[in-house]
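Here is input-v6.txt, consisting of compact mmCIF, C-alpha atoms and all ligand atoms:
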# COMPACT_ATOMS: atom_id res chain seq x y z
CA MET A 1 12.13 15.24 -5.32
CA GLU A 2 12.49 13.62 -8.76
CA ASN A 3 11.05 10.36 -10.04
CA LEU A 4 8.90 9.55 -7.06
CA ARG A 5 6.99 6.27 -6.99
CA LEU A 6 4.45 5.09 -4.44
CA ALA A 7 6.23 1.73 -4.26
CA ASP A 8 9.36 3.44 -2.92
CA PHE A 9 7.44 4.26 0.24
CA GLY A 10 6.00 0.77 0.72
CA PHE A 11 2.66 1.24 -1.05
CA VAL A 12 1.36 -1.85 -2.82
CA GLU A 13 -1.48 -2.36 -5.23
CA GLY A 14 -4.73 -2.55 -3.26
CA ILE A 15 -5.57 -0.71 -0.08
CA ASN A 16 -2.75 0.53 2.14
CA GLU A 17 -3.59 1.27 5.77
CA ILE A 18 -1.59 4.27 6.92
CA ILE A 19 -1.95 6.97 9.54
CA ALA A 20 -3.20 10.06 7.71
CA ILE A 21 -2.02 13.33 9.23
CA THR A 22 -3.78 16.55 8.31
CA ARG A 23 -3.62 20.06 9.70
CA ASN A 24 -6.51 21.16 11.91
CA ALA A 25 -7.86 24.71 11.62
CA ASP A 26 -6.02 25.63 14.86
CA GLY A 27 -2.67 24.49 13.43
CA THR A 28 -2.41 21.22 15.41
CA TRP A 29 -2.14 17.86 13.63
CA ASN A 30 -5.05 15.47 13.21
CA THR A 31 -4.28 11.74 13.00
CA ALA A 32 -6.52 8.92 11.75
CA PRO A 33 -6.06 5.56 10.05
CA ILE A 34 -7.09 5.82 6.39
CA GLY A 35 -6.93 3.31 3.54
CA VAL A 36 -4.98 4.64 0.56
CA MET A 37 -6.14 2.90 -2.62
CA VAL A 38 -3.46 2.21 -5.20
CA GLU A 39 -3.93 0.84 -8.71
CA ASP A 40 -0.38 1.32 -9.98
CA SER A 41 2.36 1.45 -7.35
CA SER A 42 4.92 2.61 -9.92
CA SER A 43 2.92 5.83 -10.27
CA THR A 44 2.36 8.83 -7.97
CA SER A 45 -1.46 8.72 -8.05
CA ALA A 46 -3.73 7.18 -5.44
CA LYS A 47 -7.08 7.89 -3.83
CA ALA A 48 -8.86 7.51 -0.52
CA ARG A 49 -12.53 7.27 0.28
CA LEU A 50 -13.17 9.86 2.96
CA TYR A 51 -16.29 9.65 5.08
CA ARG A 52 -17.36 12.62 7.18
CA SER A 53 -14.46 13.22 9.56
CA HIS A 54 -11.94 15.79 10.65
CA THR A 55 -9.57 14.32 8.08
CA ARG A 56 -12.06 15.07 5.32
CA GLU A 57 -12.67 18.63 6.59
CA ASN A 58 -8.93 19.28 6.80
CA VAL A 59 -8.27 17.90 3.33
CA LYS A 60 -11.03 20.10 1.95
CA ARG A 61 -9.54 23.21 3.56
CA GLU A 62 -5.80 22.53 3.16
CA GLY A 63 -5.53 20.28 0.08
CA ILE A 64 -2.68 18.34 1.71
CA MET A 65 -2.58 14.96 3.44
CA TYR A 66 0.50 13.35 4.96
CA ALA A 67 0.77 9.59 5.41
CA ASN A 68 2.92 7.78 7.96
CA VAL A 69 3.79 4.12 7.50
CA VAL A 70 3.40 2.64 10.96
CA TRP A 71 3.58 -0.88 12.44
CA ASP A 72 2.50 0.03 15.95
CA ALA A 73 -0.89 -1.46 16.87
CA GLU A 74 -1.34 0.88 19.82
CA ILE A 75 -0.79 3.95 17.62
CA PHE A 76 -3.43 2.68 15.19
CA ALA A 77 -5.85 2.16 18.07
CA ILE A 78 -5.36 5.57 19.69
CA ALA A 79 -5.45 7.39 16.33
CA SER A 80 -8.73 5.65 15.47
CA PHE A 81 -10.55 7.45 18.26
CA ASP A 82 -8.43 10.45 19.26
CA ASP A 83 -5.70 12.64 17.90
CA LEU A 84 -2.17 11.67 18.84
CA GLY A 85 -0.67 14.50 20.87
CA GLU A 86 2.72 16.08 20.18
CA SER A 87 4.52 13.58 22.44
CA PHE A 88 3.75 10.87 19.84
CA PHE A 89 5.67 12.77 17.15
CA GLU A 90 9.38 12.70 16.45
CA SER A 91 9.00 15.63 14.03
CA LEU A 92 6.21 18.17 13.66
CA ASN A 93 7.29 19.52 10.29
CA PRO A 94 6.92 17.32 8.37
CA PRO A 95 4.63 15.43 10.76
CA VAL A 96 6.32 12.12 11.65
CA LEU A 97 5.19 9.77 14.38
CA ARG A 98 7.80 8.07 16.58
CA ASN A 99 9.15 4.89 14.96
CA SER A 100 7.35 5.60 11.72
CA ALA A 101 8.98 3.64 8.86
CA GLY A 102 8.47 6.62 6.58
CA TRP A 103 6.31 9.56 5.64
CA CYS A 104 4.78 10.89 2.43
CA LYS A 105 3.15 14.16 1.50
CA PHE A 106 0.19 14.11 -0.89
CA ARG A 107 -1.69 16.84 -2.68
CA ALA A 108 -5.28 15.87 -1.81
CA MET A 109 -8.27 17.07 -3.81
CA LEU A 110 -11.79 16.03 -2.86
CA LYS A 111 -13.96 14.66 -5.64
CA GLY A 112 -17.29 13.33 -4.41
CA ALA A 113 -16.74 10.65 -1.77
CA TYR A 114 -13.04 10.37 -2.63
CA ALA A 115 -9.86 12.38 -2.31
CA ASN A 116 -7.53 12.17 -5.29
CA LEU A 117 -3.99 11.93 -3.98
CA GLU A 118 -0.81 12.95 -5.76
CA LEU A 119 2.52 12.06 -4.17
CA LEU A 120 4.65 15.20 -3.73
CA ASP A 121 7.42 14.26 -1.34
CA GLY A 122 8.47 11.68 1.22
CA GLU A 123 11.25 9.98 3.08
CA ILE A 124 12.05 6.47 4.26
CA LEU A 125 13.26 6.58 7.84
CA ARG A 126 13.60 2.94 8.88
CA ARG A 127 13.97 -0.19 6.81
CA GLU A 128 12.90 -2.93 9.19
CA ILE A 129 12.43 -6.55 8.37
CA ARG A 130 9.20 -7.87 9.86
CA THR A 131 7.24 -11.10 9.76
CA VAL A 132 3.47 -11.23 9.38
CA ASN A 133 1.79 -11.11 12.78
CA ARG A 134 -1.83 -12.22 13.04
CA GLY A 135 -2.23 -10.28 16.26
CA PHE A 136 -1.41 -7.00 14.52
CA ASN A 137 -3.69 -7.86 11.61
CA ALA A 138 -6.49 -8.74 14.05
CA VAL A 139 -6.15 -5.34 15.74
CA ILE A 140 -6.54 -3.60 12.36
CA GLU A 141 -9.64 -5.67 11.52
CA ALA A 142 -11.14 -5.03 14.94
CA LEU A 143 -10.49 -1.29 14.62
CA VAL A 144 -12.34 -1.09 11.32
CA HIS A 145 -15.40 -2.54 13.08
CA ALA A 146 -14.85 -0.52 16.26
CA THR A 147 -14.75 2.81 14.41
CA ARG A 148 -18.14 1.89 12.92
CA HIS A 149 -19.47 0.63 16.24
CA VAL A 150 -18.90 3.97 17.96
CA ILE A 151 -20.94 5.91 15.37
CA LEU A 152 -23.77 3.46 14.65
CA LYS A 153 -27.07 3.66 16.54
CA ASP A 154 -28.72 0.46 15.26
CA GLU A 155 -28.55 -2.07 18.13
CA LYS A 156 -28.56 -5.14 15.87
CA MET A 157 -25.68 -3.86 13.76
CA ARG A 158 -23.76 -2.84 16.86
CA LYS A 159 -24.18 -6.33 18.29
CA GLU A 160 -22.91 -7.93 15.08
CA LEU A 161 -19.88 -5.64 15.07
CA LEU A 162 -19.15 -6.41 18.72
CA GLU A 163 -19.19 -10.15 17.97
CA LYS A 164 -16.62 -9.63 15.21
CA ILE A 165 -14.46 -7.45 17.48
CA LEU A 166 -14.48 -10.14 20.19
CA TYR A 167 -13.48 -12.75 17.61
CA TYR A 168 -10.46 -10.63 16.66
CA ARG A 169 -9.64 -10.05 20.33
CA GLU A 170 -9.01 -13.78 20.76
CA ILE A 171 -6.55 -13.74 17.86
CA ALA A 172 -4.83 -10.60 19.17
CA GLU A 173 -4.47 -12.17 22.63
CA LYS A 174 -3.10 -15.42 21.21
CA CYS A 175 -0.81 -14.11 18.45
CA GLY A 176 -0.03 -10.52 19.43
CA GLY A 177 2.57 -8.96 21.68
CA GLU A 178 2.40 -6.18 24.25
CA LYS A 179 1.40 -3.52 21.68
CA GLU A 180 -1.50 -5.57 20.37
CA LYS A 181 -2.76 -6.17 23.92
CA LYS A 182 -2.53 -2.46 24.71
CA ALA A 183 -4.36 -1.70 21.45
CA PHE A 184 -7.19 -3.99 22.48
CA LYS A 185 -7.43 -2.28 25.82
CA VAL A 186 -7.94 1.02 23.95
CA ILE A 187 -10.65 -0.62 21.83
CA MET A 188 -12.52 -2.24 24.72
CA ASP A 189 -12.42 0.99 26.77
CA ARG A 190 -14.07 2.78 23.83
CA LEU A 191 -16.81 0.21 23.43
CA ARG A 192 -17.86 0.40 27.07
C1 LIG A 201 -7.63 0.42 9.47
C2 LIG A 201 -8.61 1.56 9.32
C3 LIG A 201 -8.82 2.11 8.07
C4 LIG A 201 -9.72 3.19 7.90
N1 LIG A 201 -9.89 3.70 6.66
C5 LIG A 201 -10.72 4.75 6.49
C6 LIG A 201 -10.89 5.32 5.19
O1 LIG A 201 -10.29 4.88 4.20
N2 LIG A 201 -11.72 6.38 5.08
C7 LIG A 201 -12.38 6.91 6.15
O2 LIG A 201 -13.11 7.89 5.97
N3 LIG A 201 -12.25 6.39 7.39
C8 LIG A 201 -11.43 5.32 7.59
N4 LIG A 201 -11.28 4.78 8.83
C9 LIG A 201 -12.02 5.37 9.97
C10 LIG A 201 -11.35 6.61 10.53
O3 LIG A 201 -10.01 6.36 10.90
C11 LIG A 201 -12.13 7.07 11.77
O4 LIG A 201 -13.44 7.42 11.38
C12 LIG A 201 -11.48 8.23 12.52
O5 LIG A 201 -12.14 8.39 13.75
C13 LIG A 201 -11.53 9.56 11.77
O6 LIG A 201 -10.85 10.50 12.58
P1 LIG A 201 -10.89 12.09 12.33
O7 LIG A 201 -12.31 12.57 12.56
O8 LIG A 201 -9.91 12.63 13.32
O9 LIG A 201 -10.46 12.31 10.90
C14 LIG A 201 -10.41 3.70 9.02
C15 LIG A 201 -10.19 3.14 10.28
C16 LIG A 201 -9.31 2.08 10.44
C17 LIG A 201 -9.09 1.51 11.79
What does the file become when written as structure tokens?
Amino acid sequence: MENLRLADFGFVEGINEIIAITRNADGTWNTAPIGVMVEDSSSTSAKARLYRSHTRENVKREGIMYANVVWDAEIFAIASFDDLGESFFESLNPPVLRNSAGWCKFRAMLKGAYANLELLDGEILRREIRTVNRGFNAVIEALVHATRHVILKDEKMRKELLEKILYYREIAEKCGGEKEKKAFKVIMDRLR
């Protein structure tokens, strides 16, 4: 594909929360929300900070990371804790989740704590108009804290995270729809 730009796939300057899809050693797909950091959206270069995870291991081994642009709160919630099984995909090659607005393929090279990403290919599948929904945003914020909560041992920090998660739950309940409520069920089940 010629003249690719990150902006063509919805990436903006700042951090873009997408579902990263990487190939596991057994050939299945791994899914996890990851923040793709963009300085210049008219370019093809981005990076992601990758903590210890399956995503990081897969990037190290394969050198490729796909991104799906997704507006489904429940998908974000499930992918935060588990891998999305094949029934969540509308295509396995390239890996595309159902109702994904688009997908991108990046060359991904680890450098220290980061992966340098270079856009190689991609496709826009759905151009949907959408308003800002505080419920969806609250789910994303809660998930960032919840993914830390499940790995931290320190009781004080866990308690602080839980308080933040419960704050976002109120917003999700008030402003969100069915998907946001289902996403919160996934979160609360994990915290128990
Ligand atoms: C909105 C959101 C953004 C995230 N961004 C990152 C990130 O940029 N880097 C990272 O290492 N983990 C990030 N995480 C946490 C991972 O998604 C989480 O640790 C996940 O369980 C990793 O799954 P894996 O082991 O299958 O790769 C993020 C989580 C959420 C909810």
Handout entry: Proximity to ligand LIG 201 (chain A) - best of A:Met157, A:Val12, A:Ile129, A:Ile151, only C-alpha atoms and all ligand atoms
Key =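 Distance minimum relative to ligand LIG 201 (chain A) lands on A:Ile151.
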Hey, which residues come within 7 Å of ligand LIG 201 (chain A) if we count all atoms listed in the file? Could you give them as a CSV table (one decimal) with C-alpha atoms, keeping the file's coordinate frame?
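Generated file (pocket-v3.csv):
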chain,number,residue,atom,x,y,z
A,17,GLU,CA,-3.6,1.3,5.8
A,30,ASN,CA,-5.0,15.5,13.2
A,31,THR,CA,-4.3,11.7,13.0
A,32,ALA,CA,-6.5,8.9,11.8
A,33,PRO,CA,-6.1,5.6,10.0
A,34,ILE,CA,-7.1,5.8,6.4
A,35,GLY,CA,-6.9,3.3,3.5
A,36,VAL,CA,-5.0,4.6,0.6
A,48,ALA,CA,-8.9,7.5,-0.5
A,49,ARG,CA,-12.5,7.3,0.3
A,50,LEU,CA,-13.2,9.9,3.0
A,51,TYR,CA,-16.3,9.6,5.1
A,52,ARG,CA,-17.4,12.6,7.2
A,53,SER,CA,-14.5,13.2,9.6
A,54,HIS,CA,-11.9,15.8,10.6
A,55,THR,CA,-9.6,14.3,8.1
A,56,ARG,CA,-12.1,15.1,5.3
A,76,PHE,CA,-3.4,2.7,15.2
A,80,SER,CA,-8.7,5.6,15.5
A,81,PHE,CA,-10.6,7.4,18.3
A,82,ASP,CA,-8.4,10.4,19.3
A,83,ASP,CA,-5.7,12.6,17.9
A,140,ILE,CA,-6.5,-3.6,12.4
A,141,GLU,CA,-9.6,-5.7,11.5
A,143,LEU,CA,-10.5,-1.3,14.6
A,144,VAL,CA,-12.3,-1.1,11.3
A,147,THR,CA,-14.8,2.8,14.4
Nearest to Leu119 of chain A, restricted to all atoms listed in the file and choosing among A:Thr22, A:Ser45, A:Asn3, A:Asn16, comes out as A:Ser45
Selection near Tyr167 of chain A, 12 Å with all atoms listed in the file, sequence-local residues under 3 positions removed, as a PDB file with C-alpha atoms, in the coordinates of the input:
ATOM      1  CA  GLY A 135      -2.230 -10.280  16.260  1.00  0.00           C
ATOM      2  CA  ALA A 138      -6.490  -8.740  14.050  1.00  0.00           C
ATOM      3  CA  VAL A 139      -6.150  -5.340  15.740  1.00  0.00           C
ATOM      4  CA  GLU A 141      -9.640  -5.670  11.520  1.00  0.00           C
ATOM      5  CA  ALA A 142     -11.140  -5.030  14.940  1.00  0.00           C
ATOM      6  CA  HIS A 145     -15.400  -2.540  13.080  1.00  0.00           C
ATOM      7  CA  GLU A 160     -22.910  -7.930  15.080  1.00  0.00           C
ATOM      8  CA  LEU A 161     -19.880  -5.640  15.070  1.00  0.00           C
ATOM      9  CA  LEU A 162     -19.150  -6.410  18.720  1.00  0.00           C
ATOM     10  CA  GLU A 163     -19.190 -10.150  17.970  1.00  0.00           C
ATOM     11  CA  LYS A 164     -16.620  -9.630  15.210  1.00  0.00           C
ATOM     12  CA  GLU A 170      -9.010 -13.780  20.760  1.00  0.00           C
ATOM     13  CA  ILE A 171      -6.550 -13.740  17.860  1.00  0.00           C
ATOM     14  CA  ALA A 172      -4.830 -10.600  19.170  1.00  0.00           C
ATOM     15  CA  GLU A 173      -4.470 -12.170  22.630  1.00  0.00           C
ATOM     16  CA  LYS A 174      -3.100 -15.420  21.210  1.00  0.00           C
ATOM     17  CA  PHE A 184      -7.190  -3.990  22.480  1.00  0.00           C
TER      18      PHE A 184
END
query: Taking into account all atoms listed in the file, which residue in the set A:Val70, A:Ala25, A:Ala77, A:Ile187 is nearest to Cys104 of chain A?
result: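 Of A:Val70, A:Ala25, A:Ala77, A:Ile187, the one nearest Cys104 of chain A is A:Val70, counting all atoms listed in the file.
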